[in-house]
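Here's the structure we're looking at; comments come further down.
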Amino acid sequence: MWSALATFCIRNRFWMLVSLGVITLVFGFFAPKVKMTYDYAKIIPADDPDFIEYVKFKATFVEDGNILVIGVQSPKIFELGFFNDWYDLSNDIERIDGVEKVVSIAKAYSLIRNDSLHELTIQPLLNQKFKTQEEVDSFKRYLGSLKFYEGLLYNPDSNVTLIAVTLKKKELDSKARIPLVQTIEARANAFGQKHECQMHLSGLPYVRTIMSSKVADEIKIFTFLSILITAIFIFVFFRFFSAVILSLVIVIIGVIATLGCLAMFNYKITILTGILPPLMVIIGIQNCIYLINVYHQEYTNHGNKMKAITRLISKNGLPLFLTNVTTAVGFVVFSFSGSAMLDQFSVVSGIIIMLVYVVSLVFIPIVYSYLPPPKPKHTKHLDGVRLNKVLDYCNYLIYNRRKTIYIITTVLLCLSIYGSTRVRNLGYVVDDLPADDPVFMDLKFFERHLKGTLPFEISIDTRIQGGVKDYATLQKINRLEKELHKYPEFSKPMSVVDILKFANQGMNDGAEQYFMVPNVIDISNIVDYLPKQEYSKSLIKSMVDSTYRIARVSVQMADIGSQKMKVLTKSVQLKIDSIFPKTDYDVKITGTSAIFLKGNDYLIENLIQSMISALIIISIMMAFLFFSWRMVLISLIPNLIPLIMTFGIMGFFDIRLKPSTIIIFSIAYGIVVDFTIHYLAKYRHSLKKHNWDMRIAIPESLMEAGPSIIYTAVALFAGFIIFAASNFGGTVALGVLTSLALLFGMFMNLVLLPSILLSLEKRINAKKELGVTLIEIDPEDIDSEDGEEK
């Protein structure tokens with residue numbers, strides 16, 4: 001089959017190139033249409049009960065993550081000039097297109113009883129700027145009497161105040177959010193420069209926008225760097241420009257196809273899919289290195305260009321196919337996780353890996369068929385003195401220092417197992433940003449002074465219409481708020497009870513002592529007096545549904561991490577259960593923070609299952625290759641040890657187990673096993689060639705497979721290590737740990753695997769173990785008519 005494919009490609013080489021061009025143009029047409037995501041990726045499956053509850057919650061109430069906050073710390077907050085400018089800033093931001101409303105100490109409201117209209121009218125605390133400092137001081141005292149705002153807009157202990165900016169959903173879900181957030185940030189920074197104080201911005205809209213912008217920037221930077229490094233390493237390895245140009249064409253096609261595929265499937269670019277373009281460059285280059293190196297080896301053996309080109313497909317098409325399949329498996333298994341984010345990542349990566357394989361296998365032989373035969377200087381790299389010294393030293397170790405190899409491997413393995421016991425499963429909502437990033441530092445600012453900005457929501461279903469108006473229910477909600485107030489991780493709770501307290505204070509001429517839950521008699525009167533203005537309706541709607549059946553208790557919290565979040569959630573649930581009988585109420589903890597916790601645990605559990613699936617699938621493939629359980633076990637050893645060593649490094653360097661680090665293992669395993677397949681393919685071929693003599697086959701197969709393994713490992717190491725320059729901790733870990741895993745895998749396959757085979761020389765019948773295979777991965781040389789150069 002492969003010989004026929006080689007003949008077909010050479011005979012129809014022009015039309016094959018045209019077909020590749022058309023495919024590239026199709027992907028190129030869709031590539032510019034790919035969009036960024038401006039929301040946290042969907043980790044939990046859509047049919048998960050907690051996620052369904054969260055969707056219902058958002059449908060019932062307003063979005064829980066649409067508030068951007070601007071904070072400032074200054075002793076001059078209630079000085080005339082500073083306060084008036086704060087008033088102007090609040091109004092200026094509210095006038096920006098895309099802003100729904102703004103609340104601050106300079107743009108707050110009070111409820112005034114109006115018996116003639118039979119309602120509580122909403123009146124702004126300020127209609128104009130102050131003219132004297134005495135007016136500001138008087139306002140400060142009045143603001144202090146409005147307990148509704150206490151702890152929400154101003155912290156008198158640390159002189160911190162904030163502006164809460166509610167953004168419109170339409171802008172939040174589109175690329176318009178970036179200029180919107182930039183405009184708000186520019187206005188805030190202008191205020192800070194004028195008053196020589198640092199401005200702090202946070203809230204989910206701000207964090208998501210900044211992270212999306214960083215992802216967009218990194219796609220460009222890392223794609224360029226990966227292509228540049230590819231070009232440099234190809235030139236260093238082969239020392240001629242045609243190899244560089246061919247490789248660049250293939251990886252650029254891979255990048256275009258990746259972006260086009262994302263757009264075709266209507267997938268948006270996330271922090272994970274954003275690394276796919278440079279990742280496909282890195283992975284695609286191993287095909288180029290392997291094919292160019294094999295072409296030169298073939299031509300050097302017999303000097304026939306067309307024969308070498310034909311054999312490039314007929315002899316190497318299947319081994320290269322299998323190595324690409326194993327690499328793809330390392331990505332595709334993420335689709336088993338049930339996560340939409342990882343499913344998109346796995347689908348696109350699997351498709352593009354196999355597409356790049358096809359492009360490489362067709363494009364390189366066809367182009368070389370048009371080019372003149374390689375000159376001696378082009379194949380000089382095959383006789384590289386340094387490379388041969390490395391391989392000779394590997395053979396020396398294999399034959400003379402096997403015990404040393406086993407001892408060192410055992411010691412490293414034991415240390416790695418110990419290190420792996422120190423790995424922590426811990427994730428944060430804002431997990432990938434470094435500690436010195438302004439976004440991270442601003443988040444910590446709000447946590448220190450205002451308890452944080454991450455939403456933590458509680459939905460209380462009374463199961464009957466109007467149940468929220470029941471006095472017993474209101475008392476229970478009030479009691480829950482008091483319990484929540486005791487937690488240092490939470491900001492001041494907010495619910496319909498607080499609105500009623502505020503209304504009760506307004507009904508009693510603003511007397512501070514009346515900020516309390518009204519009695520049974522007063523509640524109905526207050527409800528009749530509730531203001532009818534649009535602002536009041538939106539405020540009430542944000543805390544209770546239209547039928548007064550479901551109420552909401554909302555707090556903001558710090559980003560305390562998944563482990564503490566579990567403990568906190570359980571504690572809160574116990575408080576809820578002690579207050580609200582399950583026979584009468586259905587109370588759920590939900591919101592972004594709770595969904596994050598569920599998603600983190602869900603993803604870790606399913607990614608572990610995905611990694612195990614990758615091990616099983618690839619092991620089955622190895623069984624098809626060698627049809628021997630002994631060879632499958634032997635082949636697993638040099639592939640599993642690098643993963644354990646990488647896991648140990650995570651423990652020693654306190655790199656936490658989280659979604660962005662656990663995907664490393666299946667990716668690395670899918671790539672490292674390629675080294676094993678390349679080596680064992682050459683090893684089996686050498687055994688057949690030398691009458692199953694293992695002592696001759698081992699060094700010969702190492703000299704043949706070694707250069708491709710080393711070239712590929714070094715190129716992949718350099719490609720992955722560029723991710724260490726990322727702004728995201730998870731991407732940094734992906735780059736560094738995958739690079740190390742590949743280096744470990746290279747050494748294990750060059751030294752440990754041949755040592756094991758040699759040590760088992762007398763225990764393994766090579767012909768029996770390797771003589772039978774379901775898939776012939778290195779067929780005997782077959783000369784096709786078109787393969788001979790006349």
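Residue numbers start at 1 in each chain; chains themselves are named A, B, ... in the order of the structure tokens; ligands are numbered from 1 in the order shown.
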
Test item, alpha helix (DSSP H) assignment across range 147-235 of chain A, answer as a PyMOL selection string: chain A and resi 169-172+177-195+204-235

Polymer residues at most 12 Å from range 110-119 of chain A, only C-alpha atoms, same-chain spacing of 2 or more positions, as a PyMOL selection string: chain A and resi 105+107-108+121-126+142-143+145-149+499-511+515+525-533+535-536

Test item: residues at most 10 Å from range 7-17 of chain A, only C-alpha atoms, excluding those fewer than 5 positions along its chain, as JSON, numbers by chain: {"A": [1, 2, 22, 23, 306, 309, 310, 311, 313, 314, 359, 361, 362, 363, 365, 366, 367, 369, 370, 784, 785, 786, 787]}

Given the selection you just returned, output its residues as a file containing N, CA and C atoms, formatted as a JSON list (two decimals), in the first residue's frame.
```
[["chain", "number", "residue", "atom", "x", "y", "z"],
["A", 1, "MET", "N", 0.82, -1.21, 0.00],
["A", 1, "MET", "CA", 0.00, 0.00, 0.00],
["A", 1, "MET", "C", 0.86, 1.26, 0.00],
["A", 2, "TRP", "N", 1.88, 1.24, 0.85],
["A", 2, "TRP", "CA", 2.72, 2.44, 0.96],
["A", 2, "TRP", "C", 3.56, 2.65, -0.28],
["A", 22, "VAL", "N", -4.75, 24.44, -2.31],
["A", 22, "VAL", "CA", -6.18, 24.70, -2.17],
["A", 22, "VAL", "C", -6.63, 24.51, -0.71],
["A", 23, "ILE", "N", -6.16, 23.42, -0.10],
["A", 23, "ILE", "CA", -6.50, 23.17, 1.31],
["A", 23, "ILE", "C", -6.02, 24.31, 2.19],
["A", 306, "MET", "N", 15.53, 9.40, -6.77],
["A", 306, "MET", "CA", 14.13, 9.01, -6.86],
["A", 306, "MET", "C", 13.84, 7.76, -6.02],
["A", 309, "ILE", "N", 13.55, 9.04, -2.53],
["A", 309, "ILE", "CA", 12.29, 9.76, -2.33],
["A", 309, "ILE", "C", 11.13, 8.78, -2.21],
["A", 310, "THR", "N", 11.13, 7.76, -3.08],
["A", 310, "THR", "CA", 10.06, 6.76, -3.03],
["A", 310, "THR", "C", 10.08, 6.01, -1.71],
["A", 311, "ARG", "N", 11.29, 5.62, -1.29],
["A", 311, "ARG", "CA", 11.40, 4.91, -0.02],
["A", 311, "ARG", "C", 11.05, 5.81, 1.17],
["A", 313, "ILE", "N", 8.54, 7.55, 1.46],
["A", 313, "ILE", "CA", 7.11, 7.31, 1.74],
["A", 313, "ILE", "C", 6.86, 5.83, 2.02],
["A", 314, "SER", "N", 7.39, 4.94, 1.18],
["A", 314, "SER", "CA", 7.06, 3.52, 1.30],
["A", 314, "SER", "C", 7.60, 2.89, 2.58],
["A", 359, "VAL", "N", 0.63, 16.46, 5.23],
["A", 359, "VAL", "CA", 1.32, 17.51, 4.48],
["A", 359, "VAL", "C", 2.82, 17.22, 4.43],
["A", 361, "LEU", "N", 4.42, 14.29, 4.78],
["A", 361, "LEU", "CA", 4.73, 13.08, 4.03],
["A", 361, "LEU", "C", 4.59, 13.29, 2.52],
["A", 362, "VAL", "N", 3.72, 14.19, 2.12],
["A", 362, "VAL", "CA", 3.50, 14.45, 0.70],
["A", 362, "VAL", "C", 4.39, 15.58, 0.19],
["A", 363, "PHE", "N", 4.45, 16.66, 0.96],
["A", 363, "PHE", "CA", 5.11, 17.88, 0.49],
["A", 363, "PHE", "C", 6.63, 17.70, 0.37],
["A", 365, "PRO", "N", 8.72, 14.93, 0.07],
["A", 365, "PRO", "CA", 9.21, 14.12, -1.06],
["A", 365, "PRO", "C", 8.95, 14.75, -2.42],
["A", 366, "ILE", "N", 7.77, 15.35, -2.59],
["A", 366, "ILE", "CA", 7.44, 15.93, -3.89],
["A", 366, "ILE", "C", 8.37, 17.09, -4.22],
["A", 367, "VAL", "N", 8.59, 17.98, -3.25],
["A", 367, "VAL", "CA", 9.48, 19.13, -3.51],
["A", 367, "VAL", "C", 10.90, 18.67, -3.79],
["A", 369, "SER", "N", 11.69, 15.97, -5.16],
["A", 369, "SER", "CA", 11.73, 15.35, -6.49],
["A", 369, "SER", "C", 11.99, 16.39, -7.58],
["A", 370, "TYR", "N", 11.64, 17.64, -7.30],
["A", 370, "TYR", "CA", 11.91, 18.73, -8.25],
["A", 370, "TYR", "C", 13.32, 19.28, -8.08],
["A", 784, "SER", "N", 10.27, 0.33, -6.75],
["A", 784, "SER", "CA", 9.17, 0.54, -7.69],
["A", 784, "SER", "C", 9.74, 1.03, -9.00],
["A", 785, "GLU", "N", 8.98, 0.84, -10.06],
["A", 785, "GLU", "CA", 9.46, 1.25, -11.36],
["A", 785, "GLU", "C", 9.73, 2.74, -11.38],
["A", 786, "ASP", "N", 8.86, 3.49, -10.75],
["A", 786, "ASP", "CA", 9.04, 4.93, -10.74],
["A", 786, "ASP", "C", 10.10, 5.33, -9.75],
["A", 787, "GLY", "N", 10.48, 4.39, -8.87],
["A", 787, "GLY", "CA", 11.47, 4.75, -7.87],
["A", 787, "GLY", "C", 12.87, 4.73, -8.42]]
```

Surrounding residues of Thr453 in chain A excluding itself and chain neighbours under 4 positions, 6 Å, only C-alpha atoms, as a list in words: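 Surrounding residues, per the criterion: Gly203, Gln556 and Met557 of chain A.
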
Residues within 9 Å of Tyr669 in chain A, only C-alpha atoms, excluding chain neighbours under 2 positions, as a ChimeraX atom specification: /A:326-327,330,611,614-615,639-640,642-643,664-667,671-674,741-742,745

Within 10 Å of Val103 in chain A using only C-alpha atoms, minus same-chain residues under 2 positions, as a list in words: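 Contacts, with the query itself left out: Val69, Ser90, Asn91, Glu94, Lys101, Ile105, Ala106, Lys107, Ala108, Tyr109, Leu153, Leu162, Ile163, Ala164, Val165 and Thr166 of chain A.
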
Length of the CA of Leu382 in chain A to CA of Ala6 in chain A vector [Å]: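 Result for CA of Leu382 in chain A versus CA of Ala6 in chain A: 24.4 Å, one decimal.
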
Å distance separating CA of Pro372 in chain A from CA of Ser360 in chain A, one decimal place: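 Atom-to-atom, CA of Pro372 in chain A and CA of Ser360 in chain A are spaced 19.1 Å apart.
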